[in-house]
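Presented below is the structure to which this report refers.
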Amino acid sequence: MANLDIQEFIQQNRALADQVETYRGISESQKHWDARREFILRNINDYEEPHMDHLLALSMVWANHVFLGCRYSVELLERVKEMAEGIVVEDAPVFQTRDEIMKKQQGR
């Protein structure tokens with residue numbers, strides 16, 4: 001779903017959109033929330049109650065990886081990346097691992 005598709009979906013599914021809004025973290029920036037909300041809305045049909053907590057946890061894994069550079073198992077990252085396919089995050093930070101930094105320093 002593109003941003004316009006998300007806005008259209010929200011307008012057509014107001015009750016669901018209102019429910020999803022309750023999942024926003026108190027310290028979550030608008031940019032982070034917009035991306036995570038899109039992740040949730042794209043996948044919500046696959047995670048009905050009582051499995052909503054699982055979807056919310058996966059959305060946090062994806063957001064933490066994208067915005068904070070957190071690392072998780074290969075299998076988990078592959079799963080959330082697949083679930084997030086097509087979500088565009090503008091100006092996402094780029095992270096380097098310690099090993100990448102050390103390798104770059106040694107090459108000088």
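Note on naming: chains are A, B, ... as they come in the structure tokens, residues start from 1 per chain, ligands start from 1 in the order shown.
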Find the spatial neighbours of A:Ile6, counting only C-alpha atoms, within a cut-off of 12 Å - ignore same-chain residues fewer than 2 positions away - and output them as a ChimeraX atom specification.
/A:1-4,8-14,17,34-42,86-87
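Minimum atom-to-atom distance to A:Met60, evaluated using only C-alpha atoms, belongs to A:Trp33 out of A:Gln7, A:Ile44, A:Trp33, A:Gln96.
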Can you tell me, as a ChimeraX atom specification, which residues in stretch 8-105 of chain A count as helix (DSSP H, G or I) by DSSP?
/A:8-12,14-21,30-46,52-68,74-83,98-105
Print the selection's residues with C-alpha atoms to a file, as an mmCIF file, in the first residue's frame.
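Okay, result-v3.cif is ready:
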data_model
loop_
_atom_site.group_PDB
_atom_site.id
_atom_site.type_symbol
_atom_site.label_atom_id
_atom_site.label_comp_id
_atom_site.auth_asym_id
_atom_site.auth_seq_id
_atom_site.Cartn_x
_atom_site.Cartn_y
_atom_site.Cartn_z
ATOM 1 C CA GLU A 8 -7.934 5.651 1.680
ATOM 2 C CA PHE A 9 -7.978 2.447 3.729
ATOM 3 C CA ILE A 10 -8.159 4.467 6.955
ATOM 4 C CA GLN A 11 -11.075 6.516 5.641
ATOM 5 C CA GLN A 12 -12.964 3.405 4.567
ATOM 6 C CA ARG A 14 -12.562 4.144 10.446
ATOM 7 C CA ALA A 15 -13.308 1.771 13.352
ATOM 8 C CA LEU A 16 -10.294 -0.401 12.557
ATOM 9 C CA ALA A 17 -8.103 2.665 12.088
ATOM 10 C CA ASP A 18 -9.235 4.014 15.464
ATOM 11 C CA GLN A 19 -8.378 0.685 17.081
ATOM 12 C CA VAL A 20 -4.915 0.699 15.477
ATOM 13 C CA GLU A 21 -4.309 4.249 16.737
ATOM 14 C CA GLN A 30 5.010 10.727 14.024
ATOM 15 C CA LYS A 31 7.471 9.420 11.427
ATOM 16 C CA HIS A 32 7.999 6.154 13.317
ATOM 17 C CA TRP A 33 4.294 5.759 13.988
ATOM 18 C CA ASP A 34 3.284 6.376 10.373
ATOM 19 C CA ALA A 35 5.620 3.598 9.215
ATOM 20 C CA ARG A 36 4.657 1.169 11.986
ATOM 21 C CA ARG A 37 0.941 1.887 11.504
ATOM 22 C CA GLU A 38 1.314 1.040 7.817
ATOM 23 C CA PHE A 39 3.055 -2.211 8.797
ATOM 24 C CA ILE A 40 0.188 -3.070 11.143
ATOM 25 C CA LEU A 41 -2.542 -2.162 8.641
ATOM 26 C CA ARG A 42 -0.884 -4.167 5.872
ATOM 27 C CA ASN A 43 -0.821 -7.293 8.034
ATOM 28 C CA ILE A 44 -3.781 -6.932 10.384
ATOM 29 C CA ASN A 45 -6.010 -9.351 8.451
ATOM 30 C CA ASP A 46 -3.513 -12.139 9.128
ATOM 31 C CA MET A 52 -2.839 -9.176 17.778
ATOM 32 C CA ASP A 53 -0.005 -9.001 20.336
ATOM 33 C CA HIS A 54 2.106 -11.090 17.979
ATOM 34 C CA LEU A 55 1.543 -8.595 15.137
ATOM 35 C CA LEU A 56 2.344 -5.668 17.426
ATOM 36 C CA ALA A 57 5.563 -7.357 18.529
ATOM 37 C CA LEU A 58 6.560 -7.974 14.907
ATOM 38 C CA SER A 59 5.798 -4.342 14.068
ATOM 39 C CA MET A 60 8.113 -3.224 16.874
ATOM 40 C CA VAL A 61 10.861 -5.577 15.682
ATOM 41 C CA TRP A 62 10.609 -4.075 12.202
ATOM 42 C CA ALA A 63 10.503 -0.471 13.463
ATOM 43 C CA ASN A 64 13.394 -1.052 15.871
ATOM 44 C CA HIS A 65 15.454 -2.544 13.070
ATOM 45 C CA VAL A 66 14.683 0.270 10.617
ATOM 46 C CA PHE A 67 14.881 3.261 12.947
ATOM 47 C CA LEU A 68 17.264 2.135 15.695
ATOM 48 C CA VAL A 74 18.120 -13.813 10.326
ATOM 49 C CA GLU A 75 14.837 -15.721 10.240
ATOM 50 C CA LEU A 76 12.959 -13.039 12.175
ATOM 51 C CA LEU A 77 14.375 -10.200 10.072
ATOM 52 C CA GLU A 78 13.485 -12.018 6.856
ATOM 53 C CA ARG A 79 9.940 -12.466 8.105
ATOM 54 C CA VAL A 80 9.361 -8.826 9.088
ATOM 55 C CA LYS A 81 11.063 -7.526 5.940
ATOM 56 C CA GLU A 82 8.709 -9.660 3.878
ATOM 57 C CA MET A 83 5.748 -8.343 5.862
ATOM 58 C CA ARG A 98 31.087 -2.654 14.865
ATOM 59 C CA ASP A 99 32.788 -5.111 12.512
ATOM 60 C CA GLU A 100 32.044 -2.894 9.509
ATOM 61 C CA ILE A 101 33.459 0.151 11.274
ATOM 62 C CA MET A 102 36.596 -1.722 12.380
ATOM 63 C CA LYS A 103 37.156 -3.091 8.875
ATOM 64 C CA LYS A 104 36.877 0.398 7.435
ATOM 65 C CA GLN A 105 39.349 1.749 10.018
#
